[in-house]
Every structure is written in C-alpha cells, then in structure tokens.
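Asker: Enclosed is the structure file structure.cif (mmCIF, N, CA, C and O atoms).
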data_entry
#
loop_
_atom_site.label_atom_id
_atom_site.label_comp_id
_atom_site.auth_asym_id
_atom_site.auth_seq_id
_atom_site.Cartn_x
_atom_site.Cartn_y
_atom_site.Cartn_z
N ASP A 252 -179.65 -25.82 74.90
CA ASP A 252 -178.29 -25.41 75.20
C ASP A 252 -177.38 -25.88 74.07
O ASP A 252 -177.19 -27.07 73.89
N THR A 253 -176.85 -24.96 73.34
CA THR A 253 -176.00 -25.31 72.22
C THR A 253 -174.57 -24.83 72.44
O THR A 253 -173.85 -24.54 71.49
N ARG A 254 -174.13 -24.78 73.69
CA ARG A 254 -172.77 -24.33 73.97
C ARG A 254 -171.73 -25.39 73.63
O ARG A 254 -170.59 -25.06 73.36
N GLU A 255 -172.10 -26.64 73.67
CA GLU A 255 -171.17 -27.73 73.36
C GLU A 255 -171.29 -28.08 71.89
O GLU A 255 -172.16 -28.85 71.49
N ILE A 256 -170.45 -27.48 71.08
CA ILE A 256 -170.48 -27.70 69.64
C ILE A 256 -169.18 -28.37 69.22
O ILE A 256 -168.09 -27.87 69.55
N HIS A 257 -169.30 -29.50 68.54
CA HIS A 257 -168.14 -30.27 68.11
C HIS A 257 -168.40 -30.81 66.71
O HIS A 257 -169.55 -31.03 66.32
N SER A 258 -167.31 -31.07 66.00
CA SER A 258 -167.48 -31.68 64.68
C SER A 258 -167.79 -33.16 64.85
O SER A 258 -167.36 -33.80 65.81
N LEU A 259 -168.54 -33.68 63.92
CA LEU A 259 -168.84 -35.10 63.93
C LEU A 259 -167.54 -35.90 63.83
O LEU A 259 -167.37 -36.92 64.51
N THR A 260 -166.61 -35.44 63.03
CA THR A 260 -165.33 -36.12 62.88
C THR A 260 -164.60 -36.21 64.22
O THR A 260 -164.11 -37.28 64.59
N ASP A 261 -164.54 -35.11 64.97
CA ASP A 261 -163.89 -35.13 66.29
C ASP A 261 -164.61 -36.07 67.23
O ASP A 261 -163.98 -36.81 67.99
N SER A 262 -165.92 -36.04 67.19
CA SER A 262 -166.71 -36.92 68.05
C SER A 262 -166.42 -38.39 67.75
O SER A 262 -166.30 -39.19 68.68
N LEU A 263 -166.30 -38.73 66.49
CA LEU A 263 -166.01 -40.12 66.12
C LEU A 263 -164.58 -40.50 66.51
O LEU A 263 -164.35 -41.62 66.99
N ARG A 264 -163.64 -39.61 66.33
CA ARG A 264 -162.24 -39.90 66.68
C ARG A 264 -162.05 -40.03 68.18
O ARG A 264 -161.23 -40.81 68.64
N ASN A 265 -162.77 -39.23 68.93
CA ASN A 265 -162.58 -39.18 70.39
C ASN A 265 -163.87 -39.57 71.12
O ASN A 265 -164.24 -38.93 72.10
N TYR A 266 -164.54 -40.58 70.63
CA TYR A 266 -165.87 -40.91 71.16
C TYR A 266 -165.86 -41.21 72.65
O TYR A 266 -166.80 -40.87 73.36
N LYS A 267 -164.81 -41.84 73.17
CA LYS A 267 -164.78 -42.17 74.61
C LYS A 267 -164.81 -40.89 75.45
O LYS A 267 -165.54 -40.81 76.43
N ALA A 268 -164.04 -39.90 75.06
CA ALA A 268 -164.02 -38.63 75.80
C ALA A 268 -165.38 -37.94 75.70
O ALA A 268 -165.88 -37.38 76.68
N HIS A 269 -165.99 -38.00 74.52
CA HIS A 269 -167.30 -37.36 74.34
C HIS A 269 -168.37 -38.06 75.18
O HIS A 269 -169.19 -37.40 75.83
N VAL A 270 -168.36 -39.37 75.17
CA VAL A 270 -169.35 -40.13 75.96
C VAL A 270 -169.15 -39.86 77.45
O VAL A 270 -170.13 -39.64 78.18
N THR A 271 -167.90 -39.84 77.89
CA THR A 271 -167.63 -39.55 79.30
C THR A 271 -168.15 -38.17 79.68
O THR A 271 -168.81 -38.00 80.71
N ARG A 272 -167.87 -37.15 78.85
CA ARG A 272 -168.34 -35.80 79.12
C ARG A 272 -169.86 -35.72 79.13
O ARG A 272 -170.45 -35.11 80.01
N LEU A 273 -170.49 -36.39 78.18
CA LEU A 273 -171.96 -36.38 78.12
C LEU A 273 -172.56 -36.96 79.39
O LEU A 273 -173.52 -36.42 79.94
N LYS A 274 -171.99 -38.06 79.87
CA LYS A 274 -172.52 -38.71 81.07
C LYS A 274 -172.27 -37.87 82.32
O LYS A 274 -173.12 -37.80 83.20
N GLU A 275 -171.12 -37.24 82.39
CA GLU A 275 -170.77 -36.45 83.58
C GLU A 275 -171.56 -35.15 83.65
O GLU A 275 -172.04 -34.77 84.71
N THR A 276 -171.67 -34.45 82.54
CA THR A 276 -172.31 -33.13 82.56
C THR A 276 -173.79 -33.16 82.25
O THR A 276 -174.52 -32.24 82.62
N GLN A 277 -174.25 -34.20 81.55
CA GLN A 277 -175.63 -34.33 81.09
C GLN A 277 -176.04 -33.15 80.22
O GLN A 277 -177.20 -32.78 80.16
N VAL A 278 -175.05 -32.55 79.54
CA VAL A 278 -175.29 -31.46 78.60
C VAL A 278 -175.13 -32.03 77.19
O VAL A 278 -174.10 -32.60 76.87
N PRO A 279 -176.14 -31.89 76.35
CA PRO A 279 -176.04 -32.45 75.00
C PRO A 279 -174.98 -31.74 74.16
O PRO A 279 -174.60 -30.60 74.45
N GLU A 280 -174.53 -32.42 73.13
CA GLU A 280 -173.58 -31.86 72.18
C GLU A 280 -174.26 -31.65 70.84
O GLU A 280 -175.06 -32.47 70.41
N VAL A 281 -173.91 -30.56 70.20
CA VAL A 281 -174.31 -30.32 68.82
C VAL A 281 -173.14 -30.80 67.97
O VAL A 281 -172.01 -30.36 68.17
N LEU A 282 -173.41 -31.71 67.04
CA LEU A 282 -172.36 -32.19 66.15
C LEU A 282 -172.56 -31.58 64.78
O LEU A 282 -173.68 -31.53 64.27
N THR A 283 -171.46 -31.10 64.22
CA THR A 283 -171.52 -30.42 62.94
C THR A 283 -170.90 -31.27 61.84
O THR A 283 -170.03 -32.09 62.07
N VAL A 284 -171.38 -31.04 60.65
CA VAL A 284 -170.81 -31.61 59.43
C VAL A 284 -170.58 -30.43 58.49
O VAL A 284 -171.52 -29.67 58.21
N ASN A 285 -169.35 -30.27 58.06
CA ASN A 285 -168.98 -29.13 57.21
C ASN A 285 -169.38 -27.80 57.83
O ASN A 285 -169.86 -26.89 57.15
N GLY A 286 -169.24 -27.71 59.17
CA GLY A 286 -169.51 -26.46 59.86
C GLY A 286 -170.97 -26.17 60.15
O GLY A 286 -171.29 -25.15 60.75
N ARG A 287 -171.86 -27.07 59.76
CA ARG A 287 -173.29 -26.85 60.00
C ARG A 287 -173.81 -27.84 61.02
O ARG A 287 -173.48 -29.02 60.97
N ALA A 288 -174.63 -27.38 61.93
CA ALA A 288 -175.23 -28.26 62.93
C ALA A 288 -176.08 -29.31 62.24
O ALA A 288 -176.92 -28.98 61.40
N GLU A 289 -175.82 -30.59 62.56
CA GLU A 289 -176.55 -31.68 61.91
C GLU A 289 -177.29 -32.58 62.90
O GLU A 289 -178.39 -33.02 62.62
N VAL A 290 -176.68 -32.86 64.05
CA VAL A 290 -177.31 -33.76 65.02
C VAL A 290 -177.02 -33.29 66.44
O VAL A 290 -176.06 -32.59 66.69
N ILE A 291 -177.89 -33.72 67.34
CA ILE A 291 -177.71 -33.51 68.77
C ILE A 291 -177.48 -34.87 69.40
O ILE A 291 -178.21 -35.83 69.11
N VAL A 292 -176.50 -34.95 70.30
CA VAL A 292 -176.19 -36.20 70.99
C VAL A 292 -176.30 -35.93 72.48
O VAL A 292 -175.82 -34.90 72.97
N GLN A 293 -176.94 -36.84 73.21
CA GLN A 293 -177.02 -36.69 74.65
C GLN A 293 -176.99 -38.06 75.31
O GLN A 293 -177.24 -39.08 74.65
N ASP A 294 -176.71 -38.08 76.60
CA ASP A 294 -176.67 -39.35 77.32
C ASP A 294 -178.08 -39.88 77.53
O ASP A 294 -179.06 -39.14 77.50
N ALA A 295 -178.16 -41.19 77.72
CA ALA A 295 -179.46 -41.87 77.80
C ALA A 295 -180.29 -41.39 79.00
O ALA A 295 -181.51 -41.22 78.89
N ALA A 296 -179.65 -41.17 80.14
CA ALA A 296 -180.40 -40.74 81.34
C ALA A 296 -181.04 -39.37 81.13
O ALA A 296 -182.20 -39.16 81.49
N SER A 297 -180.29 -38.45 80.53
CA SER A 297 -180.85 -37.11 80.26
C SER A 297 -181.98 -37.19 79.25
O SER A 297 -182.98 -36.48 79.37
N TYR A 298 -181.81 -38.04 78.25
CA TYR A 298 -182.85 -38.20 77.24
C TYR A 298 -184.13 -38.73 77.88
O TYR A 298 -185.23 -38.22 77.62
N GLN A 299 -184.01 -39.73 78.77
CA GLN A 299 -185.19 -40.28 79.43
C GLN A 299 -185.86 -39.23 80.30
O GLN A 299 -187.09 -39.13 80.33
N MET A 300 -185.07 -38.42 81.01
CA MET A 300 -185.65 -37.35 81.83
C MET A 300 -186.42 -36.36 80.97
O MET A 300 -187.49 -35.89 81.35
N MET A 301 -185.86 -36.05 79.80
CA MET A 301 -186.54 -35.13 78.89
C MET A 301 -187.87 -35.73 78.42
O MET A 301 -188.90 -35.04 78.38
N LEU A 302 -187.87 -37.02 78.07
CA LEU A 302 -189.11 -37.68 77.66
C LEU A 302 -190.14 -37.68 78.79
O LEU A 302 -191.33 -37.45 78.55
N ASP A 303 -189.67 -37.94 80.00
CA ASP A 303 -190.58 -37.95 81.16
C ASP A 303 -191.19 -36.57 81.38
O ASP A 303 -192.39 -36.45 81.65
N ARG A 304 -190.37 -35.51 81.26
CA ARG A 304 -190.90 -34.15 81.42
C ARG A 304 -191.90 -33.82 80.32
O ARG A 304 -192.95 -33.20 80.57
N LEU A 305 -191.61 -34.23 79.11
CA LEU A 305 -192.53 -34.00 78.00
C LEU A 305 -193.86 -34.69 78.25
O LEU A 305 -194.93 -34.09 78.06
N HIS A 306 -193.81 -35.94 78.68
CA HIS A 306 -195.04 -36.69 78.97
C HIS A 306 -195.83 -35.98 80.08
O HIS A 306 -197.06 -35.84 79.99
N HIS A 307 -195.14 -35.52 81.10
CA HIS A 307 -195.79 -34.81 82.20
C HIS A 307 -196.47 -33.53 81.69
O HIS A 307 -197.63 -33.25 82.04
N MET A 308 -195.77 -32.77 80.85
CA MET A 308 -196.34 -31.54 80.31
C MET A 308 -197.55 -31.83 79.41
O MET A 308 -198.54 -31.09 79.44
N GLU A 309 -197.48 -32.88 78.61
CA GLU A 309 -198.62 -33.25 77.76
C GLU A 309 -199.82 -33.64 78.62
O GLU A 309 -200.96 -33.30 78.29
N THR A 310 -199.57 -34.35 79.71
CA THR A 310 -200.65 -34.74 80.62
C THR A 310 -201.29 -33.51 81.25
O THR A 310 -202.52 -33.40 81.31
N LEU A 311 -200.45 -32.57 81.70
CA LEU A 311 -200.98 -31.33 82.29
C LEU A 311 -201.81 -30.55 81.27
O LEU A 311 -202.88 -30.03 81.61
N ALA A 312 -201.34 -30.49 80.04
CA ALA A 312 -202.08 -29.77 79.00
C ALA A 312 -203.44 -30.43 78.75
O ALA A 312 -204.45 -29.74 78.57
N ALA A 313 -203.48 -31.76 78.73
CA ALA A 313 -204.75 -32.47 78.52
C ALA A 313 -205.71 -32.22 79.68
O ALA A 313 -206.91 -32.02 79.47
N ILE A 314 -205.18 -32.21 80.89
CA ILE A 314 -206.03 -31.93 82.06
C ILE A 314 -206.58 -30.51 81.99
O ILE A 314 -207.77 -30.27 82.23
N GLN A 315 -205.72 -29.56 81.64
CA GLN A 315 -206.17 -28.17 81.53
C GLN A 315 -207.23 -28.02 80.45
O GLN A 315 -208.21 -27.28 80.63
N GLU A 316 -207.07 -28.71 79.33
CA GLU A 316 -208.07 -28.65 78.27
C GLU A 316 -209.39 -29.25 78.74
O GLU A 316 -210.46 -28.73 78.46
N GLY A 317 -209.31 -30.35 79.48
CA GLY A 317 -210.53 -30.96 80.02
C GLY A 317 -211.24 -30.04 80.99
O GLY A 317 -212.47 -29.93 80.97
N MET A 318 -210.47 -29.36 81.83
CA MET A 318 -211.07 -28.43 82.79
C MET A 318 -211.70 -27.24 82.05
O MET A 318 -212.79 -26.79 82.42
N ALA A 319 -211.03 -26.74 81.01
CA ALA A 319 -211.59 -25.63 80.24
C ALA A 319 -212.87 -26.07 79.54
O ALA A 319 -213.85 -25.31 79.48
N SER A 320 -212.88 -27.29 79.03
CA SER A 320 -214.07 -27.82 78.38
C SER A 320 -215.23 -27.91 79.38
O SER A 320 -216.37 -27.57 79.06
N ALA A 321 -214.92 -28.35 80.59
CA ALA A 321 -215.95 -28.44 81.63
C ALA A 321 -216.49 -27.05 81.98
O ALA A 321 -217.70 -26.87 82.14
N GLU A 322 -215.60 -26.08 82.06
CA GLU A 322 -216.03 -24.71 82.38
C GLU A 322 -216.91 -24.13 81.27
O GLU A 322 -217.77 -23.29 81.53
N ARG A 323 -216.72 -24.61 80.04
CA ARG A 323 -217.56 -24.14 78.92
C ARG A 323 -218.87 -24.93 78.85
O ARG A 323 -219.68 -24.70 77.96
N GLY A 324 -219.04 -25.88 79.76
CA GLY A 324 -220.27 -26.66 79.80
C GLY A 324 -220.32 -27.75 78.74
O GLY A 324 -221.39 -28.18 78.32
N GLU A 325 -219.18 -28.23 78.30
CA GLU A 325 -219.13 -29.22 77.24
C GLU A 325 -219.02 -30.65 77.76
O GLU A 325 -218.54 -31.53 77.06
N LEU A 326 -219.48 -30.89 78.96
CA LEU A 326 -219.41 -32.22 79.55
C LEU A 326 -220.57 -33.09 79.09
O LEU A 326 -221.65 -32.60 78.78
N LYS A 327 -220.31 -34.41 79.07
CA LYS A 327 -221.37 -35.38 78.78
C LYS A 327 -221.46 -36.32 79.97
O LYS A 327 -220.45 -36.63 80.61
N PRO A 328 -222.65 -36.82 80.25
CA PRO A 328 -222.78 -37.79 81.34
C PRO A 328 -221.96 -39.04 81.04
O PRO A 328 -221.84 -39.47 79.89
N ALA A 329 -221.35 -39.64 82.07
CA ALA A 329 -220.51 -40.81 81.90
C ALA A 329 -221.26 -41.95 81.22
O ALA A 329 -220.70 -42.63 80.35
N ALA A 330 -222.51 -42.16 81.57
CA ALA A 330 -223.29 -43.23 80.96
C ALA A 330 -223.39 -43.05 79.45
O ALA A 330 -223.27 -44.01 78.68
N GLN A 331 -223.56 -41.83 79.00
CA GLN A 331 -223.63 -41.55 77.57
C GLN A 331 -222.31 -41.85 76.86
O GLN A 331 -222.28 -42.46 75.80
N VAL A 332 -221.22 -41.46 77.49
CA VAL A 332 -219.90 -41.71 76.91
C VAL A 332 -219.63 -43.21 76.86
O VAL A 332 -219.17 -43.74 75.84
N LEU A 333 -219.95 -43.92 77.91
CA LEU A 333 -219.70 -45.37 77.96
C LEU A 333 -220.56 -46.11 76.94
O LEU A 333 -220.11 -47.10 76.35
N ARG A 334 -221.79 -45.66 76.72
CA ARG A 334 -222.65 -46.31 75.72
C ARG A 334 -222.11 -46.13 74.31
O ARG A 334 -222.28 -46.98 73.46
N SER A 335 -221.43 -45.01 74.07
CA SER A 335 -220.96 -44.74 72.70
C SER A 335 -219.68 -45.49 72.38
O SER A 335 -219.24 -45.48 71.24
N HIS A 336 -219.11 -46.20 73.34
CA HIS A 336 -217.86 -46.95 73.08
C HIS A 336 -218.10 -48.39 73.03
O HIS A 336 -218.52 -49.23 73.35
#
Rewrite the structure from the file as structure tokens, please.
Answerer:
Amino acid sequence: DTREIHSLTDSLRNYKAHVTRLKETQVPEVLTVNGRAEVIVQDAASYQMMLDRLHHMETLAAIQEGMASAERGELKPAAQVLRSH
C-alpha cells in the first residue's frame, strides 16, 4: 500500500504526527527524497505482524515441499537420517 506518500523532510519536521498516524492506522508511509521513494516507515506492531506472517508462509512452503518430496518417493528412513548427523 503506497497511498501514504510523504517527504522525508515533512516526516522529520512533523515526526510526532507521523508516528501517531502510523500507530493509529497501521498503514506504512513511503518517504521520498527529491520526489523519489526512498524508504518505507511503519509502526513496530505492524512490522512484527508482517514478520510473523512471513515466517508462517515460509513454514507452510517448507511443509508443502516436504509433502511433495514424499509423494515423489524421496523419503529416507529416520534411522538413516539420524546416522548421517
């Protein structure tokens, strides 16, 4: 979501208002320098939720890959795997 676009200069001048808005809306801001998007700023709670969702998606992808591997018959007996470690 890049609807909240502000200059870095404005963000620095009015940081309290920006922080308040970020916390209330949980919508990140795109900060620009010389009219070009340079950084994204978001509140800590939203950032943590995003990290948690990413971790969850990575876990699901790993499980799906493991299941696909099993369906292709690429499994090894647990004893063999444990001996190799």
Asker: Which residue is closest to A:Asp294? Choose from A:Ala313, A:Val281, A:Leu273, A:Ala321 and count only C-alpha atoms.
Answerer: A:Leu273
Asker: What is the atom N of A:Glu280-atom C of A:Ser262 distance in Å, reported with one decimal?
Answerer: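 Spanning atom N of A:Glu280 to atom C of A:Ser262 is a straight-line distance of 11.4 Å.
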Asker: Determine which residues of chain A DSSP labels as alpha helix (DSSP H) from the backbone of this structure, then write them out as a ChimeraX atom specification.
Answerer: /A:259-264,266-276,295-322,329-334
Asker: Please write the residues picked by the PyMOL selection byres ((chain A and resi 293) around 8) on this file as a list in words.
Answerer: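 For this structure, the PyMOL selection byres ((chain A and resi 293) around 8) resolves to His269, Val270, Leu273, Lys274, Gln277, Val278, Pro279, Glu280, Val281, Val290, Ile291, Val292, Asp294, Ala295, Ala296, Ser297, Tyr298 and Gln299 of chain A.
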Asker: Quick one: write out the picked residues with N, CA, C and O atoms as a PDB file, keeping the file's coordinate frame?
Answerer:
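Below you can see result.pdb, which holds the result:
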ATOM      1  N   HIS A 269    -165.990 -38.000  74.520  1.00  0.00           N
ATOM      2  CA  HIS A 269    -167.300 -37.360  74.340  1.00  0.00           C
ATOM      3  C   HIS A 269    -168.370 -38.060  75.180  1.00  0.00           C
ATOM      4  O   HIS A 269    -169.190 -37.400  75.830  1.00  0.00           O
ATOM      5  N   VAL A 270    -168.360 -39.370  75.170  1.00  0.00           N
ATOM      6  CA  VAL A 270    -169.350 -40.130  75.960  1.00  0.00           C
ATOM      7  C   VAL A 270    -169.150 -39.860  77.450  1.00  0.00           C
ATOM      8  O   VAL A 270    -170.130 -39.640  78.180  1.00  0.00           O
ATOM      9  N   LEU A 273    -170.490 -36.390  78.180  1.00  0.00           N
ATOM     10  CA  LEU A 273    -171.960 -36.380  78.120  1.00  0.00           C
ATOM     11  C   LEU A 273    -172.560 -36.960  79.390  1.00  0.00           C
ATOM     12  O   LEU A 273    -173.520 -36.420  79.940  1.00  0.00           O
ATOM     13  N   LYS A 274    -171.990 -38.060  79.870  1.00  0.00           N
ATOM     14  CA  LYS A 274    -172.520 -38.710  81.070  1.00  0.00           C
ATOM     15  C   LYS A 274    -172.270 -37.870  82.320  1.00  0.00           C
ATOM     16  O   LYS A 274    -173.120 -37.800  83.200  1.00  0.00           O
ATOM     17  N   GLN A 277    -174.250 -34.200  81.550  1.00  0.00           N
ATOM     18  CA  GLN A 277    -175.630 -34.330  81.090  1.00  0.00           C
ATOM     19  C   GLN A 277    -176.040 -33.150  80.220  1.00  0.00           C
ATOM     20  O   GLN A 277    -177.200 -32.780  80.160  1.00  0.00           O
ATOM     21  N   VAL A 278    -175.050 -32.550  79.540  1.00  0.00           N
ATOM     22  CA  VAL A 278    -175.290 -31.460  78.600  1.00  0.00           C
ATOM     23  C   VAL A 278    -175.130 -32.030  77.190  1.00  0.00           C
ATOM     24  O   VAL A 278    -174.100 -32.600  76.870  1.00  0.00           O
ATOM     25  N   PRO A 279    -176.140 -31.890  76.350  1.00  0.00           N
ATOM     26  CA  PRO A 279    -176.040 -32.450  75.000  1.00  0.00           C
ATOM     27  C   PRO A 279    -174.980 -31.740  74.160  1.00  0.00           C
ATOM     28  O   PRO A 279    -174.600 -30.600  74.450  1.00  0.00           O
ATOM     29  N   GLU A 280    -174.530 -32.420  73.130  1.00  0.00           N
ATOM     30  CA  GLU A 280    -173.580 -31.860  72.180  1.00  0.00           C
ATOM     31  C   GLU A 280    -174.260 -31.650  70.840  1.00  0.00           C
ATOM     32  O   GLU A 280    -175.060 -32.470  70.410  1.00  0.00           O
ATOM     33  N   VAL A 281    -173.910 -30.560  70.200  1.00  0.00           N
ATOM     34  CA  VAL A 281    -174.310 -30.320  68.820  1.00  0.00           C
ATOM     35  C   VAL A 281    -173.140 -30.800  67.970  1.00  0.00           C
ATOM     36  O   VAL A 281    -172.010 -30.360  68.170  1.00  0.00           O
ATOM     37  N   VAL A 290    -176.680 -32.860  64.050  1.00  0.00           N
ATOM     38  CA  VAL A 290    -177.310 -33.760  65.020  1.00  0.00           C
ATOM     39  C   VAL A 290    -177.020 -33.290  66.440  1.00  0.00           C
ATOM     40  O   VAL A 290    -176.060 -32.590  66.690  1.00  0.00           O
ATOM     41  N   ILE A 291    -177.890 -33.720  67.340  1.00  0.00           N
ATOM     42  CA  ILE A 291    -177.710 -33.510  68.770  1.00  0.00           C
ATOM     43  C   ILE A 291    -177.480 -34.870  69.400  1.00  0.00           C
ATOM     44  O   ILE A 291    -178.210 -35.830  69.110  1.00  0.00           O
ATOM     45  N   VAL A 292    -176.500 -34.950  70.300  1.00  0.00           N
ATOM     46  CA  VAL A 292    -176.190 -36.200  70.990  1.00  0.00           C
ATOM     47  C   VAL A 292    -176.300 -35.930  72.480  1.00  0.00           C
ATOM     48  O   VAL A 292    -175.820 -34.900  72.970  1.00  0.00           O
ATOM     49  N   ASP A 294    -176.710 -38.080  76.600  1.00  0.00           N
ATOM     50  CA  ASP A 294    -176.670 -39.350  77.320  1.00  0.00           C
ATOM     51  C   ASP A 294    -178.080 -39.880  77.530  1.00  0.00           C
ATOM     52  O   ASP A 294    -179.060 -39.140  77.500  1.00  0.00           O
ATOM     53  N   ALA A 295    -178.160 -41.190  77.720  1.00  0.00           N
ATOM     54  CA  ALA A 295    -179.460 -41.870  77.800  1.00  0.00           C
ATOM     55  C   ALA A 295    -180.290 -41.390  79.000  1.00  0.00           C
ATOM     56  O   ALA A 295    -181.510 -41.220  78.890  1.00  0.00           O
ATOM     57  N   ALA A 296    -179.650 -41.170  80.140  1.00  0.00           N
ATOM     58  CA  ALA A 296    -180.400 -40.740  81.340  1.00  0.00           C
ATOM     59  C   ALA A 296    -181.040 -39.370  81.130  1.00  0.00           C
ATOM     60  O   ALA A 296    -182.200 -39.160  81.490  1.00  0.00           O
ATOM     61  N   SER A 297    -180.290 -38.450  80.530  1.00  0.00           N
ATOM     62  CA  SER A 297    -180.850 -37.110  80.260  1.00  0.00           C
ATOM     63  C   SER A 297    -181.980 -37.190  79.250  1.00  0.00           C
ATOM     64  O   SER A 297    -182.980 -36.480  79.370  1.00  0.00           O
ATOM     65  N   TYR A 298    -181.810 -38.040  78.250  1.00  0.00           N
ATOM     66  CA  TYR A 298    -182.850 -38.200  77.240  1.00  0.00           C
ATOM     67  C   TYR A 298    -184.130 -38.730  77.880  1.00  0.00           C
ATOM     68  O   TYR A 298    -185.230 -38.220  77.620  1.00  0.00           O
ATOM     69  N   GLN A 299    -184.010 -39.730  78.770  1.00  0.00           N
ATOM     70  CA  GLN A 299    -185.190 -40.280  79.430  1.00  0.00           C
ATOM     71  C   GLN A 299    -185.860 -39.230  80.300  1.00  0.00           C
ATOM     72  O   GLN A 299    -187.090 -39.130  80.330  1.00  0.00           O
TER      73      GLN A 299
END
Asker: How far is it from atom CA of A:Tyr266 to atom CA of A:Leu305, in Å with one decimal?
Answerer: 28.4 Å
Asker: How many Å separate atom CA of A:Asp261 from atom CA of A:Glu289?
Answerer: 13.8 Å
Asker: Could you write out, as a PyMOL selection string, all the residues of chain A that DSSP marks as strand (DSSP E or B)?
Answerer: chain A and resi 256-258+280-284+287-292
Asker: Rank A:Gln331, A:Thr283, A:Thr271, A:Thr310 by their smallest atom-to-atom distance to A:Ile256, using only N, CA, C and O atoms, and report the top residue only.
Answerer: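 Nearest to A:Ile256: A:Thr283.
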Asker: For the file shown, what are the residues hit by the PyMOL selection byres ((chain A and resi 258) around 8), laid out as a list in words?
Answerer: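 When the PyMOL selection byres ((chain A and resi 258) around 8) is applied, the selected residues are Glu255, Ile256, His257, Leu259, Thr260, Asp261, Ser262, Leu263, Arg264, Asn265, Val281, Leu282, Thr283, Val284, Asn285, Gly286 and Arg287 of chain A.
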Asker: Restricting it to N, CA, C and O atoms, dump the selection as a short mmCIF file (atom, residue, chain, number, x, y, z; two decimals), keeping the file's coordinate frame.
Answerer:
data_model
loop_
_atom_site.label_atom_id
_atom_site.label_comp_id
_atom_site.auth_asym_id
_atom_site.auth_seq_id
_atom_site.Cartn_x
_atom_site.Cartn_y
_atom_site.Cartn_z
N GLU A 255 -172.10 -26.64 73.67
CA GLU A 255 -171.17 -27.73 73.36
C GLU A 255 -171.29 -28.08 71.89
O GLU A 255 -172.16 -28.85 71.49
N ILE A 256 -170.45 -27.48 71.08
CA ILE A 256 -170.48 -27.70 69.64
C ILE A 256 -169.18 -28.37 69.22
O ILE A 256 -168.09 -27.87 69.55
N HIS A 257 -169.30 -29.50 68.54
CA HIS A 257 -168.14 -30.27 68.11
C HIS A 257 -168.40 -30.81 66.71
O HIS A 257 -169.55 -31.03 66.32
N LEU A 259 -168.54 -33.68 63.92
CA LEU A 259 -168.84 -35.10 63.93
C LEU A 259 -167.54 -35.90 63.83
O LEU A 259 -167.37 -36.92 64.51
N THR A 260 -166.61 -35.44 63.03
CA THR A 260 -165.33 -36.12 62.88
C THR A 260 -164.60 -36.21 64.22
O THR A 260 -164.11 -37.28 64.59
N ASP A 261 -164.54 -35.11 64.97
CA ASP A 261 -163.89 -35.13 66.29
C ASP A 261 -164.61 -36.07 67.23
O ASP A 261 -163.98 -36.81 67.99
N SER A 262 -165.92 -36.04 67.19
CA SER A 262 -166.71 -36.92 68.05
C SER A 262 -166.42 -38.39 67.75
O SER A 262 -166.30 -39.19 68.68
N LEU A 263 -166.30 -38.73 66.49
CA LEU A 263 -166.01 -40.12 66.12
C LEU A 263 -164.58 -40.50 66.51
O LEU A 263 -164.35 -41.62 66.99
N ARG A 264 -163.64 -39.61 66.33
CA ARG A 264 -162.24 -39.90 66.68
C ARG A 264 -162.05 -40.03 68.18
O ARG A 264 -161.23 -40.81 68.64
N ASN A 265 -162.77 -39.23 68.93
CA ASN A 265 -162.58 -39.18 70.39
C ASN A 265 -163.87 -39.57 71.12
O ASN A 265 -164.24 -38.93 72.10
N VAL A 281 -173.91 -30.56 70.20
CA VAL A 281 -174.31 -30.32 68.82
C VAL A 281 -173.14 -30.80 67.97
O VAL A 281 -172.01 -30.36 68.17
N LEU A 282 -173.41 -31.71 67.04
CA LEU A 282 -172.36 -32.19 66.15
C LEU A 282 -172.56 -31.58 64.78
O LEU A 282 -173.68 -31.53 64.27
N THR A 283 -171.46 -31.10 64.22
CA THR A 283 -171.52 -30.42 62.94
C THR A 283 -170.90 -31.27 61.84
O THR A 283 -170.03 -32.09 62.07
N VAL A 284 -171.38 -31.04 60.65
CA VAL A 284 -170.81 -31.61 59.43
C VAL A 284 -170.58 -30.43 58.49
O VAL A 284 -171.52 -29.67 58.21
N ASN A 285 -169.35 -30.27 58.06
CA ASN A 285 -168.98 -29.13 57.21
C ASN A 285 -169.38 -27.80 57.83
O ASN A 285 -169.86 -26.89 57.15
N GLY A 286 -169.24 -27.71 59.17
CA GLY A 286 -169.51 -26.46 59.86
C GLY A 286 -170.97 -26.17 60.15
O GLY A 286 -171.29 -25.15 60.75
N ARG A 287 -171.86 -27.07 59.76
CA ARG A 287 -173.29 -26.85 60.00
C ARG A 287 -173.81 -27.84 61.02
O ARG A 287 -173.48 -29.02 60.97
#
